[in-house]
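Peer 1: There's a structure below that I have some questions on.
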Amino acid sequence: MQIPVTSVKSASAAKPVKRKIDGVLLLDKPVGLSSNIALQKAKRLYRAEKAGHTGTLDPFATGLLPLCLGEATKFSQFLLDADKEYLAQVRFGVRTSSGDPEGVVIAERPVNISQSDLRQALTGFMGEIEQIPPMHSALKHAGRPLYEYARKGIEIERKARHVVVHELEIETFAGELCNLRVRTSKGFYVRALADDLGEVLGCGAHLQGLRRTGVGPFRIEQAETLEELSDLEELDRDRRLMPADIMVETLAALSLDFEAAWQICHGQPIWMPRLMLGQQYRLYAPDGRFLGVGEVNQDGKVAPRRLVVT
């Protein structure tokens with residue numbers, strides 16, 4: 001019996017060969033995908049051996065999701081700690097179990113608020129505030145994320161966390177619906193803001209839509225969609241990657257001579273004048289190659305903290 005040619009697949013067609021590729025991809029995550037699924041799709045497009053993201057977005061949310069490939073994953077923490085900026089759509093009059101559109105409706109109340117009422121209520125959420133994280137979050141309790149307890153109807157007591165709201169402005173207001181622009185420190189939950197805001201106004205509310213427009217120095221205008229990337233040839237797709245050191249561009253740069261670069265690359269701290277304890281630097285070889293990040297230790301020397309493989 002002759003086997004049809006179409007039923008035979010080569011190993012290379014079934015499983016593309018992975019490659020070592022380093023860089024930062026600014027992805028515009030679409031609605032409906034978890035951050036991990038979006039990451040895996042991008043990782044397959046680039047055939048990357050290693051990839052990670054710098055902070056999740058919920059499936060219903062869209063917007064800027066910085067992804068790290070290869071050696072850039074070593075510096076993801078710098079964006080996890082960065083400020084974030086969002087466009088948030090809040091619907092008044094309806095409260096949900098999760099504080100967002102994925103939860104079940106738990107309360108409905110009439111809405112009778114003005115833009116002046118809203119503006120006044122927002123002043124209580126500006127600056128340094130204490131915020132109780134929502135049950136529908138990935139924070140851990142006894143080794144398990146809170147959302148697992150929430151799905152079983154179990155309420156866990158949470159401690160308020162210190163967060164900073166740098167900007168909170170009304171973009172549009174239409175009675176039961178408003179759009180807010182929010183710029184916050186790490187650890188802030190926009191869904192908790194929507195729920196708390198609804199309670200202050202007395203009508204209840206939930207976060208109906210969310211788009212992340214900024215993470216640290218990056219903006220959504222710089223981001224690529226999965227569709228745009230999939231339409232490109234591999235070489236052009238690679239050109240959309242940013243270098244790993246862009247993750248730490250806020251740190252002061254140190255250009256090392258050959259001897260100092262050799263010492264750092266072999267795990268040895270180096271002495272340089274006018275160093276401050278705890279200060280971090282991005283380090284470069286004499287030829288301009290990025291070596292990684294160093295931190296001034298107790299001996300007043302720059303010790304390697306995160307190094308790329310050179």
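Numbering starts fresh at 1 for the residues of each chain in the structure tokens, the chains themselves are lettered A, B, ... in the order given, and ligands are numbered from 1 as they appear.
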Quick one: DSSP strand (DSSP E) residues in region 145-301 of chain A, as a VMD selection string?
Peer 2: chain A and resid 145 161 to 173 177 to 184 205 to 215 218 to 219 252 to 255 270 to 271 280 to 284 290 to 296 301
Peer 1: Mind writing the picked residues with N, CA and C atoms as a compact mmCIF listing (two decimals), in the first residue's frame?
Peer 2:
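What ended up in again_12.txt:
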```txt
# COMPACT_ATOMS: atom_id res chain seq x y z
N PRO A 145 -1.92 30.80 44.72
CA PRO A 145 -2.40 32.14 44.36
C PRO A 145 -3.79 32.40 44.92
N ARG A 161 -1.34 47.23 51.11
CA ARG A 161 0.03 47.46 50.63
C ARG A 161 0.21 48.92 50.29
N HIS A 162 1.42 49.41 50.54
CA HIS A 162 1.75 50.81 50.24
C HIS A 162 2.05 50.94 48.75
N VAL A 163 1.27 51.78 48.07
CA VAL A 163 1.47 52.03 46.64
C VAL A 163 1.42 53.53 46.39
N VAL A 164 1.86 53.93 45.21
CA VAL A 164 1.89 55.35 44.87
C VAL A 164 1.15 55.56 43.55
N VAL A 165 0.20 56.48 43.56
CA VAL A 165 -0.52 56.87 42.34
C VAL A 165 0.02 58.23 41.92
N HIS A 166 0.78 58.25 40.83
CA HIS A 166 1.42 59.48 40.37
C HIS A 166 0.44 60.38 39.61
N GLU A 167 -0.40 59.77 38.79
CA GLU A 167 -1.38 60.52 38.00
C GLU A 167 -2.69 59.74 37.96
N LEU A 168 -3.79 60.47 38.03
CA LEU A 168 -5.12 59.87 37.96
C LEU A 168 -6.05 60.92 37.38
N GLU A 169 -6.31 60.82 36.09
CA GLU A 169 -7.06 61.86 35.39
C GLU A 169 -8.25 61.28 34.63
N ILE A 170 -9.30 62.08 34.53
CA ILE A 170 -10.49 61.69 33.77
C ILE A 170 -10.25 62.00 32.30
N GLU A 171 -10.33 60.98 31.47
CA GLU A 171 -10.23 61.18 30.02
C GLU A 171 -11.61 61.50 29.44
N THR A 172 -12.59 60.68 29.76
CA THR A 172 -13.98 60.91 29.32
C THR A 172 -14.92 60.50 30.45
N PHE A 173 -16.11 61.09 30.47
CA PHE A 173 -17.14 60.74 31.46
C PHE A 173 -18.50 60.80 30.78
N LEU A 177 -20.30 55.45 32.63
CA LEU A 177 -19.04 54.97 32.09
C LEU A 177 -18.01 56.10 32.09
N CYS A 178 -16.79 55.77 32.48
CA CYS A 178 -15.72 56.77 32.40
C CYS A 178 -14.42 56.10 31.99
N ASN A 179 -13.54 56.88 31.40
CA ASN A 179 -12.20 56.42 31.05
C ASN A 179 -11.20 57.23 31.87
N LEU A 180 -10.31 56.52 32.54
CA LEU A 180 -9.32 57.15 33.39
C LEU A 180 -7.91 56.86 32.88
N ARG A 181 -7.05 57.82 33.01
CA ARG A 181 -5.62 57.60 32.75
C ARG A 181 -4.93 57.50 34.09
N VAL A 182 -4.21 56.40 34.29
CA VAL A 182 -3.61 56.10 35.59
C VAL A 182 -2.12 55.82 35.41
N ARG A 183 -1.29 56.47 36.23
CA ARG A 183 0.15 56.14 36.27
C ARG A 183 0.51 55.84 37.71
N THR A 184 1.03 54.62 37.94
CA THR A 184 1.21 54.14 39.30
C THR A 184 2.56 53.48 39.51
N ALA A 205 -18.98 49.74 41.24
CA ALA A 205 -18.33 49.86 39.93
C ALA A 205 -17.45 48.64 39.70
N HIS A 206 -17.07 48.46 38.47
CA HIS A 206 -16.06 47.45 38.14
C HIS A 206 -15.23 47.93 36.95
N LEU A 207 -14.09 47.32 36.79
CA LEU A 207 -13.20 47.65 35.68
C LEU A 207 -13.68 46.91 34.44
N GLN A 208 -14.21 47.64 33.47
CA GLN A 208 -14.77 47.02 32.28
C GLN A 208 -13.71 46.75 31.21
N GLY A 209 -12.72 47.62 31.13
CA GLY A 209 -11.65 47.44 30.15
C GLY A 209 -10.36 48.05 30.64
N LEU A 210 -9.24 47.51 30.15
CA LEU A 210 -7.94 48.01 30.59
C LEU A 210 -6.94 47.89 29.45
N ARG A 211 -6.19 48.96 29.23
CA ARG A 211 -5.12 48.95 28.24
C ARG A 211 -3.87 49.55 28.87
N ARG A 212 -2.80 48.77 28.90
CA ARG A 212 -1.55 49.28 29.46
C ARG A 212 -0.81 50.04 28.38
N THR A 213 -0.52 51.29 28.66
CA THR A 213 0.10 52.17 27.66
C THR A 213 1.55 52.50 27.95
N GLY A 214 2.04 52.15 29.14
CA GLY A 214 3.42 52.46 29.47
C GLY A 214 3.97 51.54 30.54
N VAL A 215 5.23 51.17 30.40
CA VAL A 215 5.97 50.40 31.41
C VAL A 215 7.37 51.01 31.48
N PHE A 218 9.12 52.66 28.37
CA PHE A 218 8.54 52.20 27.12
C PHE A 218 7.08 52.65 26.97
N ARG A 219 6.66 52.87 25.71
CA ARG A 219 5.30 53.31 25.41
C ARG A 219 4.65 52.38 24.39
N ALA A 252 23.35 54.46 35.61
CA ALA A 252 24.55 55.11 35.08
C ALA A 252 25.44 54.07 34.42
N ALA A 253 26.15 54.47 33.37
CA ALA A 253 27.00 53.55 32.61
C ALA A 253 28.45 53.67 33.03
N LEU A 254 29.15 52.53 33.09
CA LEU A 254 30.58 52.50 33.33
C LEU A 254 31.26 51.79 32.17
N SER A 255 32.19 52.48 31.52
CA SER A 255 32.98 51.86 30.46
C SER A 255 34.28 51.35 31.08
N ILE A 270 35.64 45.14 41.18
CA ILE A 270 36.69 46.08 40.76
C ILE A 270 36.54 47.39 41.53
N TRP A 271 37.67 48.04 41.76
CA TRP A 271 37.64 49.33 42.45
C TRP A 271 37.63 50.45 41.42
N GLN A 280 23.93 50.92 41.54
CA GLN A 280 24.07 49.95 40.46
C GLN A 280 24.49 50.66 39.17
N TYR A 281 25.23 49.94 38.36
CA TYR A 281 25.73 50.48 37.09
C TYR A 281 25.52 49.45 35.98
N ARG A 282 25.33 49.96 34.77
CA ARG A 282 25.42 49.06 33.60
C ARG A 282 26.85 49.12 33.10
N LEU A 283 27.39 47.97 32.79
CA LEU A 283 28.82 47.84 32.53
C LEU A 283 29.06 47.50 31.06
N TYR A 284 30.11 48.13 30.49
CA TYR A 284 30.44 47.92 29.09
C TYR A 284 31.92 47.61 28.92
N PHE A 290 27.78 45.26 25.91
CA PHE A 290 27.12 45.28 27.22
C PHE A 290 27.52 44.02 27.98
N LEU A 291 28.03 44.19 29.19
CA LEU A 291 28.47 43.07 30.01
C LEU A 291 27.45 42.68 31.07
N GLY A 292 26.65 43.64 31.52
CA GLY A 292 25.67 43.34 32.55
C GLY A 292 25.57 44.46 33.56
N VAL A 293 25.13 44.12 34.76
CA VAL A 293 24.90 45.11 35.81
C VAL A 293 25.77 44.78 37.01
N GLY A 294 26.42 45.81 37.56
CA GLY A 294 27.22 45.67 38.77
C GLY A 294 26.66 46.53 39.88
N GLU A 295 27.01 46.19 41.11
CA GLU A 295 26.53 46.93 42.28
C GLU A 295 27.68 47.14 43.25
N VAL A 296 27.74 48.33 43.83
CA VAL A 296 28.82 48.66 44.76
C VAL A 296 28.60 47.93 46.08
N LYS A 301 33.60 48.46 46.16
CA LYS A 301 33.95 47.99 44.82
C LYS A 301 32.69 47.63 44.04
```
Peer 1: Please report, as a tab-separated table, each residue of region 204-298 of chain A lying at most 6 Å from region 20-37 of chain A, together with the nearest pair of atoms and the separation in Å rounded to one decimal; use only C-alpha atoms, and order rows by chain and ascending residue number.
Peer 2:
```
residue	atom	partner	partner_atom	distance
A:Ala223	CA	A:Leu26	CA	4.6
A:Glu224	CA	A:Leu27	CA	5.0
A:Thr225	CA	A:Asp28	CA	5.0
A:Leu241	CA	A:Leu25	CA	5.1
A:Met242	CA	A:Val24	CA	4.8
A:Pro243	CA	A:Gly23	CA	4.9
A:Ala244	CA	A:Gly23	CA	5.0
```
Peer 1: Let's have the selection written as a compact mmCIF listing (two decimals), in the first residue's frame, with C-alpha atoms.
Peer 2:
```
# COMPACT_ATOMS: atom_id res chain seq x y z
CA ALA A 223 4.94 47.94 20.45
CA GLU A 224 4.34 45.31 17.76
CA THR A 225 1.32 43.03 17.42
CA LEU A 241 14.09 43.48 18.96
CA MET A 242 15.74 46.00 21.26
CA PRO A 243 19.13 45.27 22.92
CA ALA A 244 19.12 43.81 26.44
```
Peer 1: Give me, as a count of residues only, the residues of region 52-244 of chain A that a backbone DSSP run labels alpha helix (DSSP H).
Peer 2: 41
Peer 1: Just checking: using only C-alpha atoms, which residue out of A:Ala121, A:Ile132, A:Cys265, A:Val94 ends up closest to Lys159 (chain A)?
Peer 2: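 Distance minimum relative to Lys159 (chain A) lands on A:Ile132.
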Peer 1: Set the distance at 12 Å and use only C-alpha atoms: which residues neighbour Phe258 (chain A) once local chain neighbours fewer than 5 positions away are removed? I'd like the list as an NGL selection string.
Peer 2: :A and (263-265 or 284-289)
Peer 1: I need the residues from that last selection saved to file as a PDB file, in the first residue's frame (with C-alpha atoms), if you can.
Peer 2:
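Dumped everything to selection_12.pdb:
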```
ATOM      1  CA  GLN A 263      37.810  40.808  36.223  1.00  0.00           C
ATOM      2  CA  ILE A 264      34.073  41.511  36.108  1.00  0.00           C
ATOM      3  CA  CYS A 265      33.453  38.708  33.601  1.00  0.00           C
ATOM      4  CA  TYR A 284      30.436  47.924  29.087  1.00  0.00           C
ATOM      5  CA  ALA A 285      33.581  46.370  27.630  1.00  0.00           C
ATOM      6  CA  PRO A 286      36.197  48.524  25.822  1.00  0.00           C
ATOM      7  CA  ASP A 287      34.571  47.636  22.475  1.00  0.00           C
ATOM      8  CA  GLY A 288      31.160  48.829  23.698  1.00  0.00           C
ATOM      9  CA  ARG A 289      29.638  45.394  24.365  1.00  0.00           C
TER      10      ARG A 289
END
```
Peer 1: Quick one: residues within 12 Å of Gly153 (chain A), only C-alpha atoms counted, chain neighbours fewer than 6 positions away excluded, as a count of residues only?
Peer 2: 6
Peer 1: Could you check which of A:Lys140, A:Arg44, A:Lys84, A:Arg19 is closest to Gly63 (chain A), using only C-alpha atoms?
Peer 2: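 Ranked by minimum distance to Gly63 (chain A), first place goes to A:Lys84.
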